[in-house]
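For reference, coords.tsv (TSV, C-alpha atoms):
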chain	number	residue	atom	x	y	z
A	1	MET	CA	-63.46	33.59	-9.57
A	2	ILE	CA	-60.22	32.82	-7.77
A	3	ALA	CA	-58.61	35.98	-9.10
A	4	PHE	CA	-61.18	38.16	-7.30
A	5	SER	CA	-61.41	36.31	-3.99
A	6	ARG	CA	-58.49	38.05	-2.17
A	7	PRO	CA	-59.46	41.65	-3.00
A	8	LEU	CA	-63.05	40.93	-1.96
A	9	LEU	CA	-61.86	39.56	1.36
A	10	VAL	CA	-59.64	42.60	1.97
A	11	ALA	CA	-62.46	44.97	1.19
A	12	THR	CA	-64.76	43.08	3.53
A	13	GLY	CA	-62.17	43.27	6.32
A	14	LEU	CA	-61.81	47.04	5.91
A	15	ALA	CA	-65.53	47.52	6.09
A	16	LEU	CA	-65.61	45.80	9.48
A	17	LEU	CA	-63.08	48.27	11.07
A	18	PRO	CA	-64.73	50.75	13.47
A	19	ALA	CA	-65.18	54.30	12.20
A	20	ALA	CA	-63.19	55.64	15.17
A	21	ALA	CA	-60.02	54.16	13.69
A	22	PHE	CA	-60.11	56.78	10.92
A	23	ALA	CA	-60.90	59.74	13.18
A	24	ALA	CA	-58.20	62.42	13.53
A	25	GLU	CA	-56.32	62.68	16.80
A	26	PRO	CA	-57.62	65.57	18.90
A	27	ALA	CA	-55.35	68.63	18.82
A	28	THR	CA	-53.13	69.15	21.86
A	29	ALA	CA	-53.81	72.42	23.67
A	30	THR	CA	-50.59	74.32	24.30
A	31	LEU	CA	-49.25	77.51	25.83
A	32	THR	CA	-46.13	79.12	24.33
A	33	LEU	CA	-44.31	81.97	26.05
A	34	THR	CA	-41.07	83.89	25.47
A	35	ALA	CA	-39.04	85.74	28.09
A	36	ASP	CA	-35.73	87.58	28.31
A	37	GLY	CA	-33.25	87.17	31.11
A	38	VAL	CA	-30.93	90.13	31.56
A	39	VAL	CA	-27.76	90.37	33.63
A	40	SER	CA	-25.86	93.66	33.85
A	41	ALA	CA	-22.08	93.65	34.05
A	42	THR	CA	-19.23	96.14	33.97
A	43	PRO	CA	-16.92	95.50	30.99
A	44	ASP	CA	-13.48	94.25	31.95
A	45	THR	CA	-11.83	94.21	28.50
A	46	ALA	CA	-11.19	96.88	25.89
A	47	ILE	CA	-10.63	96.00	22.24
A	48	VAL	CA	-8.69	98.68	20.39
A	49	SER	CA	-7.95	99.02	16.69
A	50	LEU	CA	-4.88	101.21	16.21
A	51	GLY	CA	-2.14	101.63	13.69
A	52	VAL	CA	0.44	103.71	11.89
A	53	VAL	CA	0.01	105.66	8.65
A	54	LYS	CA	3.12	107.09	6.93
A	55	GLU	CA	3.61	108.91	3.63
A	56	ALA	CA	6.83	109.43	1.64
A	57	ASP	CA	8.03	110.13	-1.89
A	58	THR	CA	8.70	106.44	-2.55
A	59	ALA	CA	7.01	103.27	-1.42
A	60	ASP	CA	10.27	102.04	0.12
A	61	GLU	CA	10.68	105.20	2.22
A	62	ALA	CA	7.07	105.08	3.37
A	63	LEU	CA	7.40	101.40	4.28
A	64	SER	CA	10.59	101.95	6.23
A	65	ALA	CA	9.08	104.84	8.21
A	66	ASN	CA	5.94	102.82	8.90
A	67	ASN	CA	7.89	99.74	10.00
A	68	LYS	CA	9.96	101.79	12.44
A	69	ALA	CA	6.93	103.44	14.03
A	70	MET	CA	5.01	100.16	14.15
A	71	GLN	CA	7.87	98.34	15.84
A	72	GLU	CA	8.01	101.06	18.50
A	73	THR	CA	4.25	100.79	18.94
A	74	LEU	CA	4.39	97.02	19.39
A	75	SER	CA	7.30	97.32	21.80
A	76	ALA	CA	5.32	99.79	23.91
A	77	LEU	CA	2.37	97.40	24.01
A	78	LYS	CA	4.52	94.46	25.08
A	79	GLU	CA	6.37	96.53	27.70
A	80	ALA	CA	2.96	97.39	29.16
A	81	GLY	CA	2.23	93.69	29.60
A	82	VAL	CA	0.05	93.02	26.55
A	83	ALA	CA	0.57	89.39	25.50
A	84	ASP	CA	1.39	88.41	21.92
A	85	LYS	CA	-1.89	86.45	21.71
A	86	ASP	CA	-3.79	89.69	22.34
A	87	ILE	CA	-2.22	91.53	19.38
A	88	ALA	CA	-3.29	90.69	15.83
A	89	THR	CA	-2.62	92.47	12.53
A	90	SER	CA	-5.96	93.59	11.09
A	91	SER	CA	-4.88	95.38	7.91
A	92	PHE	CA	-1.84	96.38	5.88
A	93	THR	CA	-1.94	98.52	2.72
A	94	ILE	CA	0.41	100.42	0.40
A	95	ASP	CA	-1.35	102.99	-1.78
A	96	PRO	CA	-0.15	105.67	-4.18
A	97	VAL	CA	-0.93	109.25	-3.22
A	98	MET	CA	-2.67	110.74	-6.25
A	99	VAL	CA	-3.08	114.35	-7.33
A	100	TYR	CA	-5.87	115.12	-9.79
A	101	PRO	CA	-5.23	118.30	-11.83
A	102	PRO	CA	-8.16	120.73	-12.13
A	103	GLN	CA	-10.28	120.65	-15.25
A	104	LYS	CA	-9.21	123.03	-18.00
A	105	ASP	CA	-11.39	125.66	-19.64
A	106	ASP	CA	-11.93	123.45	-22.68
A	107	GLY	CA	-13.21	120.63	-20.48
A	108	SER	CA	-10.11	118.46	-20.76
A	109	GLN	CA	-8.08	117.30	-17.83
A	110	ASP	CA	-4.50	116.12	-17.46
A	111	ALA	CA	-3.88	112.62	-16.17
A	112	PRO	CA	-3.56	112.21	-12.40
A	113	LYS	CA	-0.05	112.10	-11.01
A	114	ILE	CA	1.47	109.98	-8.27
A	115	THR	CA	3.13	112.30	-5.77
A	116	GLY	CA	4.08	109.72	-3.18
A	117	TYR	CA	3.04	106.58	-1.36
A	118	ARG	CA	1.04	105.89	1.78
A	119	VAL	CA	1.62	102.83	3.97
A	120	SER	CA	-0.92	101.83	6.61
A	121	ASN	CA	-0.47	99.07	9.17
A	122	ALA	CA	-3.14	98.39	11.81
A	123	VAL	CA	-3.49	95.93	14.69
A	124	THR	CA	-6.35	94.88	16.94
A	125	VAL	CA	-5.34	94.83	20.59
A	126	LYS	CA	-7.19	93.26	23.50
A	127	LEU	CA	-6.53	95.19	26.71
A	128	ARG	CA	-7.51	93.13	29.74
A	129	ASP	CA	-7.03	95.94	32.25
A	130	ILE	CA	-9.34	98.82	31.33
A	131	ALA	CA	-7.98	100.95	34.16
A	132	LYS	CA	-4.62	101.09	32.34
A	133	ALA	CA	-6.03	101.39	28.83
A	134	GLY	CA	-6.07	105.19	28.67
A	135	GLY	CA	-2.45	105.55	29.75
A	136	LEU	CA	-1.35	102.79	27.40
A	137	LEU	CA	-3.05	104.41	24.42
A	138	ASP	CA	-1.38	107.70	25.27
A	139	LYS	CA	1.99	105.93	25.33
A	140	VAL	CA	1.63	104.17	21.97
A	141	ILE	CA	0.36	107.36	20.36
A	142	ARG	CA	3.47	109.21	21.51
A	143	VAL	CA	5.84	106.54	20.13
A	144	GLY	CA	4.27	106.34	16.69
A	145	ALA	CA	0.67	105.15	16.46
A	146	ASN	CA	-1.27	107.91	14.74
A	147	ASP	CA	-4.48	106.18	13.69
A	148	VAL	CA	-6.97	105.02	16.32
A	149	ARG	CA	-9.83	103.42	14.41
A	150	GLY	CA	-12.09	102.27	17.19
A	151	VAL	CA	-12.45	101.19	20.79
A	152	SER	CA	-15.08	98.77	22.07
A	153	PHE	CA	-15.70	97.21	25.46
A	154	THR	CA	-16.76	93.72	26.39
A	155	VAL	CA	-16.97	91.25	29.25
A	156	ASP	CA	-14.35	88.56	28.78
A	157	ASP	CA	-16.22	85.75	30.57
A	158	GLN	CA	-19.64	85.97	28.96
A	159	ASP	CA	-20.49	82.26	29.26
A	160	SER	CA	-21.19	82.34	32.99
A	161	LEU	CA	-23.15	85.57	32.64
A	162	MET	CA	-25.22	84.05	29.83
A	163	ASP	CA	-26.04	81.12	32.13
A	164	GLU	CA	-27.25	83.56	34.78
A	165	ALA	CA	-29.40	85.29	32.16
A	166	ARG	CA	-30.86	81.93	31.08
A	167	VAL	CA	-31.81	81.13	34.68
A	168	GLU	CA	-33.53	84.51	35.00
A	169	ALA	CA	-35.45	83.89	31.77
A	170	MET	CA	-36.60	80.45	32.98
A	171	LYS	CA	-37.79	81.89	36.30
A	172	THR	CA	-39.76	84.55	34.46
A	173	LEU	CA	-41.33	81.94	32.19
A	174	GLU	CA	-42.41	79.74	35.10
A	175	THR	CA	-43.97	82.66	36.96
A	176	ARG	CA	-45.73	83.93	33.85
A	177	ALA	CA	-47.06	80.48	32.89
A	178	GLU	CA	-48.52	79.95	36.37
A	179	LEU	CA	-50.19	83.35	36.14
A	180	TYR	CA	-51.79	82.47	32.80
A	181	ALA	CA	-52.93	79.11	34.15
A	182	ARG	CA	-54.62	80.62	37.23
A	183	THR	CA	-56.39	83.35	35.31
A	184	GLY	CA	-57.18	81.18	32.26
A	185	GLY	CA	-58.67	78.27	34.16
A	186	PHE	CA	-56.27	75.57	32.99
A	187	THR	CA	-53.37	73.55	34.37
A	188	LEU	CA	-49.86	72.99	33.04
A	189	LYS	CA	-49.32	69.30	32.24
A	190	ARG	CA	-45.78	69.04	30.89
A	191	ILE	CA	-43.14	70.97	29.00
A	192	LEU	CA	-43.17	70.14	25.30
A	193	SER	CA	-40.21	72.22	24.12
A	194	ILE	CA	-37.58	74.72	25.21
A	195	SER	CA	-35.49	76.75	22.79
A	196	GLU	CA	-33.18	79.72	22.89
A	197	GLY	CA	-33.32	82.46	20.29
A	198	GLY	CA	-32.10	85.94	19.61
A	199	GLU	CA	-28.51	87.15	19.64
A	200	ASN	CA	-26.67	88.57	22.58
A	201	THR	CA	-25.71	92.02	21.29
A	202	PRO	CA	-24.72	94.16	24.26
A	203	PRO	CA	-24.19	97.88	23.58
A	204	MET	CA	-20.56	98.72	23.00
A	205	PRO	CA	-19.39	102.30	23.60
A	206	MET	CA	-17.22	103.31	20.68
A	207	MET	CA	-14.47	105.88	20.16
A	208	MET	CA	-13.58	106.78	16.58
A	209	ALA	CA	-10.88	109.41	16.21
A	210	LYS	CA	-7.56	110.27	14.67
A	211	ALA	CA	-4.94	110.46	17.38
A	212	ALA	CA	-2.85	113.59	17.68
A	213	PRO	CA	0.89	113.01	18.22
A	214	GLN	CA	0.92	114.93	21.52
A	215	ALA	CA	-2.55	114.05	22.79
A	216	GLU	CA	-3.31	114.08	26.51
A	217	ALA	CA	-3.95	110.78	28.31
A	218	VAL	CA	-7.05	109.21	26.80
A	219	PRO	CA	-10.03	109.06	29.20
A	220	PHE	CA	-12.04	105.82	29.14
A	221	MET	CA	-15.64	105.30	30.25
A	222	ALA	CA	-16.59	101.65	29.81
A	223	GLY	CA	-20.13	102.01	31.16
A	224	GLU	CA	-22.23	98.90	31.79
A	225	GLN	CA	-23.47	96.18	29.46
A	226	ASP	CA	-26.55	93.98	29.45
A	227	ILE	CA	-26.06	90.26	28.76
A	228	ARG	CA	-29.38	88.99	27.43
A	229	ALA	CA	-30.76	85.48	26.90
A	230	THR	CA	-34.09	84.91	25.12
A	231	VAL	CA	-35.86	81.63	25.93
A	232	HIS	CA	-39.00	80.16	24.33
A	233	MET	CA	-41.04	77.49	26.14
A	234	THR	CA	-44.16	75.49	25.22
A	235	TRP	CA	-46.37	73.59	27.70
A	236	GLU	CA	-49.17	71.12	27.13
A	237	ILE	CA	-52.24	72.36	29.01
A	238	GLU	CA	-55.65	70.99	30.01
A	239	PRO	CA	-58.78	72.49	31.61
A	240	ALA	CA	-58.56	72.84	35.37
A	241	ALA	CA	-60.50	70.27	37.41
A	242	LYS	CA	-63.81	71.60	38.75

Taking this structure as input, can you express it in the form of structure tokens?
Amino acid sequence: MIAFSRPLLVATGLALLPAAAFAAEPATATLTLTADGVVSATPDTAIVSLGVVKEADTADEALSANNKAMQETLSALKEAGVADKDIATSSFTIDPVMVYPPQKDDGSQDAPKITGYRVSNAVTVKLRDIAKAGGLLDKVIRVGANDVRGVSFTVDDQDSLMDEARVEAMKTLETRAELYARTGGFTLKRILSISEGGENTPPMPMMMAKAAPQAEAVPFMAGEQDIRATVHMTWEIEPAAK
């Protein structure tokens, strides 16, 4: 009898608990909205990928020619005021130049032959004065750079612009939430969560072209970019008082 006394007492105690103790908590009514804040800005920085490509009968000759032209290119950049921290090597390759003989009448084909070597050296350059970018590109092209792989534009100080976009998004959310509350017959109690999502991917005008040795000064049109912040917000709501 003693062995069963404690379980019986526990069971009796549970039976005396009110039924409300096992009832599920009522669901919290919420309102979730998402808004974008957008700030437009004129780009102030150009990022250019440029380089030198040279071919010669031997790898050593091609390398020497490439090194000479690249040194002149870098010197022109530094003379124009581009800091060392704004110049970074992005690629360097040495490749054989291959010739593939045509297929013979019997379907066979001679082995490809190496006729020379190609050396490519490219750098990524950040130009902080877009107004001078066209003239600078023209200068480096004339001293040896013969491969312009791309130009993009950006705003250097995006943090402050992103903060402005966040403020705009928050204002939009507050206005929109109040509108929903008035027309939906409820009130906003408190903010339950705020989060930021989506990537800031402003459009970047691009220029992809091979540079001619005697090209005219390169015209630049940076356009305008949108800095965008996406904010999500959730409120707890309750029916409006009657």

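Reported to one decimal place, the separation of CA of Ala35 in chain A from CA of His232 in chain A is 6.7 Å.
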
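Using all atoms listed in the file for every distance, the candidate list A:Asp156, A:Arg149, A:Lys85, A:Gly116 yields A:Gly116 as the residue closest to Val99 in chain A.
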
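If only C-alpha atoms are the atoms counted, then among A:Ser120, A:Gln103, A:Ser108, A:Ser160 the closest residue to Ser64 in chain A is A:Ser120.
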
Report task. Neighbourhood query: residues within 9 Å of (-40.3, 80.2, 33.1), file coordinates, counting all atoms listed in the file; return as a count of residues only. Result -> 18

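The space separating CA of Ala46 in chain A from CA of Glu79 in chain A comes to 17.7 Å.
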
**Report entry** Contact residues around Asp157 in chain A with all atoms listed in the file at 10 Å, ignoring same-chain residues under 3 positions, as a count of residues only
**Finding:** 7

Report summary line: Residue with the minimum atom-to-atom distance to Thr234 in chain A, picked from A:Glu61, A:Ala80, A:Leu31, A:Leu188 with all atoms listed in the file counted, is A:Leu31
